[in-house]
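J.: Provided herewith: coords_38.txt, compact mmCIF, C-alpha atoms.
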```txt
# COMPACT_ATOMS: atom_id res chain seq x y z
CA ALA A 152 0.00 0.00 0.00
CA ASN A 153 1.14 3.52 -0.65
CA ALA A 154 1.48 5.42 2.57
CA ASN A 155 0.97 8.75 0.83
CA ALA A 156 -1.94 7.66 -1.34
CA ASN A 157 -4.29 9.99 0.52
CA ALA A 158 -1.99 12.99 0.85
CA ASN A 159 -3.82 16.31 0.75
CA VAL A 160 -3.63 18.18 -2.52
CA SER A 161 -4.96 21.51 -1.31
CA GLU A 162 -7.35 22.96 1.21
CA SER A 163 -10.12 23.19 -1.40
CA ALA A 164 -9.40 19.80 -2.96
CA GLU A 165 -12.55 18.22 -1.55
CA LYS A 166 -14.86 20.44 -3.59
CA LYS A 167 -16.90 18.53 -6.18
CA GLU A 168 -18.29 19.98 -9.40
CA PRO A 169 -21.67 18.90 -10.80
CA THR A 170 -21.87 17.67 -14.37
CA CYS A 171 -24.42 18.58 -17.01
CA ALA A 172 -25.59 14.96 -17.19
CA PRO A 173 -28.83 14.25 -15.31
CA HIS A 174 -28.91 11.16 -13.10
CA GLN A 175 -31.66 8.55 -13.27
CA PRO A 176 -34.10 7.97 -10.37
CA PRO A 177 -34.22 7.86 -7.43
CA GLU A 178 -31.67 10.67 -7.16
CA HIS A 179 -33.21 13.03 -9.77
CA THR A 180 -29.99 15.04 -9.59
CA LYS A 181 -26.88 15.62 -11.66
CA TRP A 182 -23.88 13.37 -11.69
CA VAL A 183 -20.95 14.80 -9.74
CA TYR A 184 -17.31 14.76 -10.79
CA PRO A 185 -14.69 13.50 -8.33
CA SER A 186 -12.99 16.17 -6.28
CA GLU A 187 -9.34 17.01 -6.83
CA GLN A 188 -8.50 14.97 -3.76
CA GLN A 189 -10.43 11.94 -4.98
CA PHE A 190 -8.87 12.24 -8.42
CA TYR A 191 -5.40 12.44 -6.94
CA ASN A 192 -6.00 9.47 -4.66
CA ALA A 193 -7.34 7.39 -7.55
CA LEU A 194 -4.23 8.11 -9.63
CA ARG A 195 -1.98 7.08 -6.75
CA ARG A 196 -3.90 3.86 -6.21
CA LYS A 197 -3.40 3.01 -9.89
CA GLY A 198 0.35 3.41 -9.51
CA TRP A 199 0.76 6.87 -11.01
CA GLN A 200 2.92 9.52 -9.37
CA PRO A 201 1.25 12.80 -10.30
CA GLU A 202 2.63 16.14 -9.22
CA GLU A 203 0.22 17.67 -6.76
CA SER A 204 0.48 21.08 -8.42
CA THR A 205 -0.88 19.69 -11.70
CA ILE A 206 -4.02 18.12 -10.24
CA PRO A 207 -6.31 21.19 -10.52
CA ASP A 208 -5.50 21.56 -14.24
CA VAL A 209 -5.84 17.82 -14.86
CA VAL A 210 -9.24 17.75 -13.19
CA ARG A 211 -10.42 20.78 -15.19
CA ILE A 212 -9.37 19.12 -18.45
CA HIS A 213 -11.00 15.85 -17.40
CA ASN A 214 -14.26 17.60 -16.59
CA ALA A 215 -14.25 19.72 -19.74
CA VAL A 216 -13.69 16.70 -21.96
CA ASN A 217 -16.53 14.79 -20.31
CA GLU A 218 -18.82 17.80 -20.66
CA ARG A 219 -18.00 17.88 -24.34
CA GLY A 220 -18.74 14.18 -24.57
CA TRP A 221 -22.14 14.71 -22.99
CA SER A 222 -22.91 17.57 -25.37
CA GLU A 223 -22.20 15.23 -28.29
CA VAL A 224 -24.49 12.58 -26.80
CA ARG A 225 -27.19 15.21 -26.50
CA LYS A 226 -26.82 16.03 -30.20
CA TRP A 227 -27.46 12.42 -31.10
CA GLU A 228 -30.40 12.24 -28.71
CA THR A 229 -31.87 15.54 -29.91
CA MET A 230 -31.80 14.30 -33.47
CA ARG A 231 -33.65 11.28 -32.19
CA GLY A 232 -36.38 13.50 -30.76
CA ASN A 233 -35.22 13.16 -27.16
CA ASP A 234 -34.57 16.51 -25.51
CA SER A 235 -34.07 15.20 -21.97
CA PRO A 236 -31.60 12.30 -22.02
CA ARG A 237 -30.13 10.99 -18.80
CA LEU A 238 -26.90 9.17 -18.10
CA VAL A 239 -27.92 5.90 -16.46
CA ARG A 240 -24.45 4.48 -15.93
CA PHE A 241 -21.00 4.47 -17.47
CA MET A 242 -18.11 2.06 -17.74
CA GLY A 243 -14.43 2.68 -18.32
CA ARG A 244 -12.89 0.21 -20.77
CA PRO A 245 -9.37 1.53 -21.48
CA LYS A 246 -8.03 -1.88 -22.54
CA ASP A 247 -10.88 -2.71 -24.93
CA LEU A 248 -10.52 -1.33 -28.43
CA SER A 249 -13.81 -0.46 -30.08
CA PRO A 250 -14.26 -1.87 -33.61
CA ARG A 251 -13.61 1.56 -35.10
CA ALA A 252 -10.51 2.11 -32.99
CA TRP A 253 -9.26 -1.37 -33.90
CA PHE A 254 -9.70 -0.66 -37.61
CA ASN A 255 -8.06 2.76 -37.36
CA SER A 256 -5.06 1.49 -35.39
CA ARG A 257 -4.55 -1.95 -36.97
CA ILE A 258 -5.46 -1.24 -40.59
CA LEU A 259 -4.87 2.49 -41.04
CA TRP A 260 -1.97 2.70 -38.58
CA TYR A 261 -3.44 5.52 -36.55
CA HIS A 262 -2.72 5.91 -32.87
CA GLU A 263 -4.82 3.92 -30.45
CA PRO A 264 -7.11 5.88 -28.10
CA PHE A 265 -5.71 6.24 -24.61
CA ASP A 266 -9.10 5.58 -23.05
CA ARG A 267 -12.58 4.37 -23.82
CA HIS A 268 -15.90 4.84 -22.06
CA ASP A 269 -19.27 3.23 -22.63
CA TRP A 270 -22.13 5.49 -21.56
CA TYR A 271 -25.68 4.20 -21.14
CA VAL A 272 -28.38 6.79 -21.76
CA ASP A 273 -32.14 6.65 -21.36
CA GLY A 274 -34.84 8.94 -22.69
CA GLY A 275 -35.51 10.93 -19.53
CA GLU A 276 -38.37 10.98 -17.08
CA ASP A 277 -41.13 10.44 -19.65
CA THR A 278 -39.76 7.27 -21.22
CA PRO A 279 -40.76 3.75 -20.12
CA SER A 280 -37.20 2.96 -19.10
CA ALA A 281 -37.23 5.77 -16.56
CA ALA A 282 -40.91 6.08 -15.65
CA ALA A 283 -41.64 2.37 -15.48
CA GLY A 284 -40.44 1.84 -11.95
CA ASP A 285 -42.68 3.40 -9.32
CA ALA A 286 -42.36 3.23 -5.56
CA SER A 287 -43.90 -0.25 -5.51
CA GLY A 288 -41.48 -1.53 -8.10
CA LYS A 289 -44.19 -2.19 -10.71
CA ASP A 290 -43.65 -1.57 -14.37
CA ASN A 291 -46.94 0.33 -14.84
CA GLY A 292 -47.79 -1.95 -17.75
CA GLN A 293 -45.33 -0.28 -20.08
CA PRO A 294 -42.53 -2.05 -21.95
CA ILE A 295 -39.20 -1.09 -20.48
CA GLU A 296 -36.67 0.31 -22.92
CA GLU A 297 -33.04 -0.66 -22.56
CA PRO A 298 -30.70 2.32 -22.23
CA ARG A 299 -28.86 3.21 -25.41
CA ARG A 300 -25.14 2.61 -25.32
CA TYR A 301 -22.66 5.17 -26.60
CA VAL A 302 -19.00 4.46 -27.26
CA ILE A 303 -16.53 7.25 -26.59
CA ASP A 304 -12.90 6.92 -27.69
CA PHE A 305 -10.42 9.43 -26.27
CA TYR A 306 -7.38 10.34 -28.35
CA SER A 307 -4.48 12.59 -27.44
CA GLY A 308 -1.98 14.50 -29.54
CA ASP A 309 -1.79 17.62 -31.68
CA ASP A 310 -3.12 15.60 -34.60
CA GLY A 311 -6.19 14.61 -32.63
CA GLY A 312 -4.95 11.08 -32.17
CA PHE A 313 -5.45 10.19 -35.82
CA ALA A 314 -1.79 10.49 -36.81
CA SER A 315 -0.13 7.85 -38.91
CA SER A 316 3.28 6.51 -37.99
CA SER A 317 4.94 8.63 -40.67
CA SER A 318 3.37 11.86 -39.50
CA ALA A 319 4.18 11.03 -35.90
CA LYS A 320 7.84 10.60 -36.81
CA SER A 321 7.93 13.97 -38.57
CA GLY A 322 6.60 15.65 -35.47
CA SER A 323 10.03 15.97 -33.88
CA GLY A 324 11.19 18.31 -36.64
CA ALA A 325 8.15 20.51 -36.18
CA HIS A 326 8.83 20.60 -32.46
CA ASP A 327 12.41 21.76 -33.02
CA ALA A 328 11.23 24.45 -35.40
CA ASN A 329 8.86 25.77 -32.76
CA ALA A 330 11.16 25.30 -29.81
CA GLY A 331 10.92 28.97 -28.90
CA ALA A 332 7.15 29.15 -29.14
CA PRO A 333 5.03 29.31 -25.98
CA PRO A 334 3.65 25.97 -24.79
CA ARG A 335 0.36 24.93 -26.32
CA PRO A 336 -2.53 23.56 -24.29
CA PRO A 337 -2.99 19.79 -24.45
CA SER A 338 -4.81 18.56 -27.50
CA MET A 339 -7.53 15.96 -27.26
CA TYR A 340 -9.95 14.37 -29.68
CA ILE A 341 -13.08 12.48 -28.71
CA ASP A 342 -15.10 10.23 -30.96
CA VAL A 343 -18.69 9.82 -29.75
CA ARG A 344 -21.25 7.60 -31.47
CA PRO A 345 -23.99 5.10 -30.62
CA ALA A 346 -22.81 1.53 -30.30
CA LEU A 347 -23.97 -0.79 -33.07
CA ASP A 348 -26.17 -2.85 -30.78
CA GLY A 349 -29.07 -3.07 -33.23
CA PRO A 350 -30.43 -2.00 -36.61
CA ASP A 351 -31.60 1.35 -35.28
CA GLU A 352 -28.05 2.35 -34.43
CA VAL A 353 -26.85 1.34 -37.90
CA ILE A 354 -29.51 3.59 -39.43
CA ASP A 355 -28.54 6.35 -37.00
CA ARG A 356 -24.97 6.29 -38.20
CA MET A 357 -26.02 6.24 -41.84
CA LYS A 358 -28.23 9.27 -41.26
CA MET A 359 -25.39 10.98 -39.44
CA PHE A 360 -23.09 10.40 -42.38
CA VAL A 361 -25.62 11.84 -44.83
CA ARG A 362 -26.31 14.78 -42.54
CA ASP A 363 -22.63 15.65 -42.22
CA ALA A 364 -21.69 14.98 -45.84
CA PHE A 365 -24.81 16.44 -47.48
CA PRO A 366 -26.43 18.90 -45.06
CA GLY A 367 -28.75 20.35 -47.69
CA LEU A 368 -29.99 16.91 -48.70
CA SER A 369 -30.59 15.83 -45.13
CA THR A 370 -32.62 18.99 -44.46
CA ALA A 371 -34.71 18.47 -47.58
CA PHE A 372 -35.61 14.95 -46.53
CA GLY A 373 -36.29 15.89 -42.90
CA MET A 374 -33.32 14.04 -41.46
CA ASP A 375 -32.31 16.77 -39.01
CA GLY A 376 -34.21 15.29 -36.13
CA GLY A 377 -37.54 15.26 -34.43
CA SER A 378 -38.62 11.70 -35.08
CA GLY A 379 -37.32 8.24 -35.73
CA THR A 380 -33.71 7.38 -35.21
CA THR A 381 -30.81 9.59 -34.51
CA THR A 382 -28.81 11.71 -36.82
CA GLY A 383 -26.26 13.95 -35.28
CA SER A 384 -22.84 15.45 -35.05
CA SER A 385 -19.86 13.31 -35.78
CA GLY A 386 -19.10 13.50 -32.09
CA ASN A 387 -15.53 14.61 -32.70
CA ASP A 388 -13.86 17.36 -30.76
CA ARG A 389 -10.40 18.68 -30.20
CA LYS A 390 -9.37 20.06 -26.86
```
Just give me the structure as structure tokens.
T.:
Amino acid sequence: ANANANANVSESAEKKEPTCAPHQPPEHTKWVYPSEQQFYNALRRKGWQPEESTIPDVVRIHNAVNERGWSEVRKWETMRGNDSPRLVRFMGRPKDLSPRAWFNSRILWYHEPFDRHDWYVDGGEDTPSAAAGDASGKDNGQPIEEPRRYVIDFYSGDDGGFASSSSAKSGSGAHDANAGAPPRPPSMYIDVRPALDGPDEVIDRMKMFVRDAFPGLSTAFGMDGGSGTTTGSSGNDRK
């Protein structure tokens, strides 16, 4: 055990920030990010040796990236006609490559993501998945919807994580050329999309592709949301 695993980061390190993602019942509240102290302790338990002075910035980046991820999920859900999605649960799967990440890294020689999350989202308070369970535990006679699963791959690097081996090698020259330049903020790229757990999700991704590639066509055919399956943003962001 690490004797200093619970060392204090700062006097205000126990403060927790709420997220934008609503929680499912019975809490009816927002999810809450770990405090700086909790984040620091978790890193130490995993064997990392973070500098205490960097923890506030690391936590801010962590929270900002997750907020961006939730905003991308909301875009998908809005296009699906759901304006009040809720995050039911989430799962970290850093060692499991998603099919897209496997293809990108094994076939196209891009960098692997440094992390992966699976987020499970329901339709909010008015959907059977959320409203089905009352105080007595009955289902109110409504079919219960399974939460939709979203896959989020996290990439790092100035190239957004999608750098080939050749471009990665040429990066050292660019670094030397800009040696005198001020340091740049960390770059991060997130890829958010619904998991292909059924035919609806396949259609969602097809609609998304059409919407992004041919915005005028998607508008003409009413594919910008409001009913049916999702069409949405590509879910990609650079931080």
J.: Please determine, counting all atoms listed in the file, which residue among A:Asp363, A:Glu202, A:Asp273, A:Asp342 has the shortest atom-to-atom distance to Arg231 in chain A.
T.: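 The shortest atom-to-atom distance to Arg231 in chain A comes from A:Asp273.
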J.: Let me make sure I understand: among A:Val209, A:Val216, A:Ala252, A:Met242, which one has the smallest atom-to-atom distance to Tyr340 in chain A if we use only C-alpha atoms?
T.: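 For Tyr340 in chain A, the nearest of the candidates is A:Val216.
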J.: Could you tell me how far CA of Tyr271 in chain A sits from CA of Val210 in chain A, in Å to one decimal place?
T.: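 Taking CA of Val210 in chain A and CA of Tyr271 in chain A, their separation equals 22.7 Å.
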J.: To one decimal place in Å, what is the distance between CA of Phe241 in chain A and CA of Gly349 in chain A?
T.: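 CA of Phe241 in chain A sits 19.2 Å away from CA of Gly349 in chain A.
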J.: If you count only C-alpha atoms, which residues fall within 12 Å of Leu347 in chain A, apart from same-chain ones fewer than 3 positions away, as a ChimeraX atom specification?
T.: /A:249-251,299-302,344,350-357
J.: If I put a ball of radius 9 Å at (-17.3, 4.4, -15.1) in the file's coordinates, which residues poke into it when counting only C-alpha atoms, written as number ranges by chain?
T.: A: 240-244, 268-270
J.: In Å, rounded to a single decimal, give me how far CA of Thr170 in chain A is from CA of Lys197 in chain A.
T.: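 About the pair CA of Lys197 in chain A and CA of Thr170 in chain A: they are 24.0 Å apart.
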J.: When distances are computed from all atoms listed in the file, which of A:Ile303, A:Gly275, A:Ser256, A:Gly220 shows the smallest separation from Ser235 in chain A?
T.: A:Gly275
J.: Would you give the centre and edge lengths, in Å to one decimal, of a box along x, y and z around the listed atoms of range 179-188 of chain A, with 3 Å added to each side, as lines of an AutoDock Vina configuration file?
T.:
```
center_x = -20.9
center_y = 15.0
center_z = -7.7
size_x = 30.7
size_y = 10.0
size_z = 13.9
```
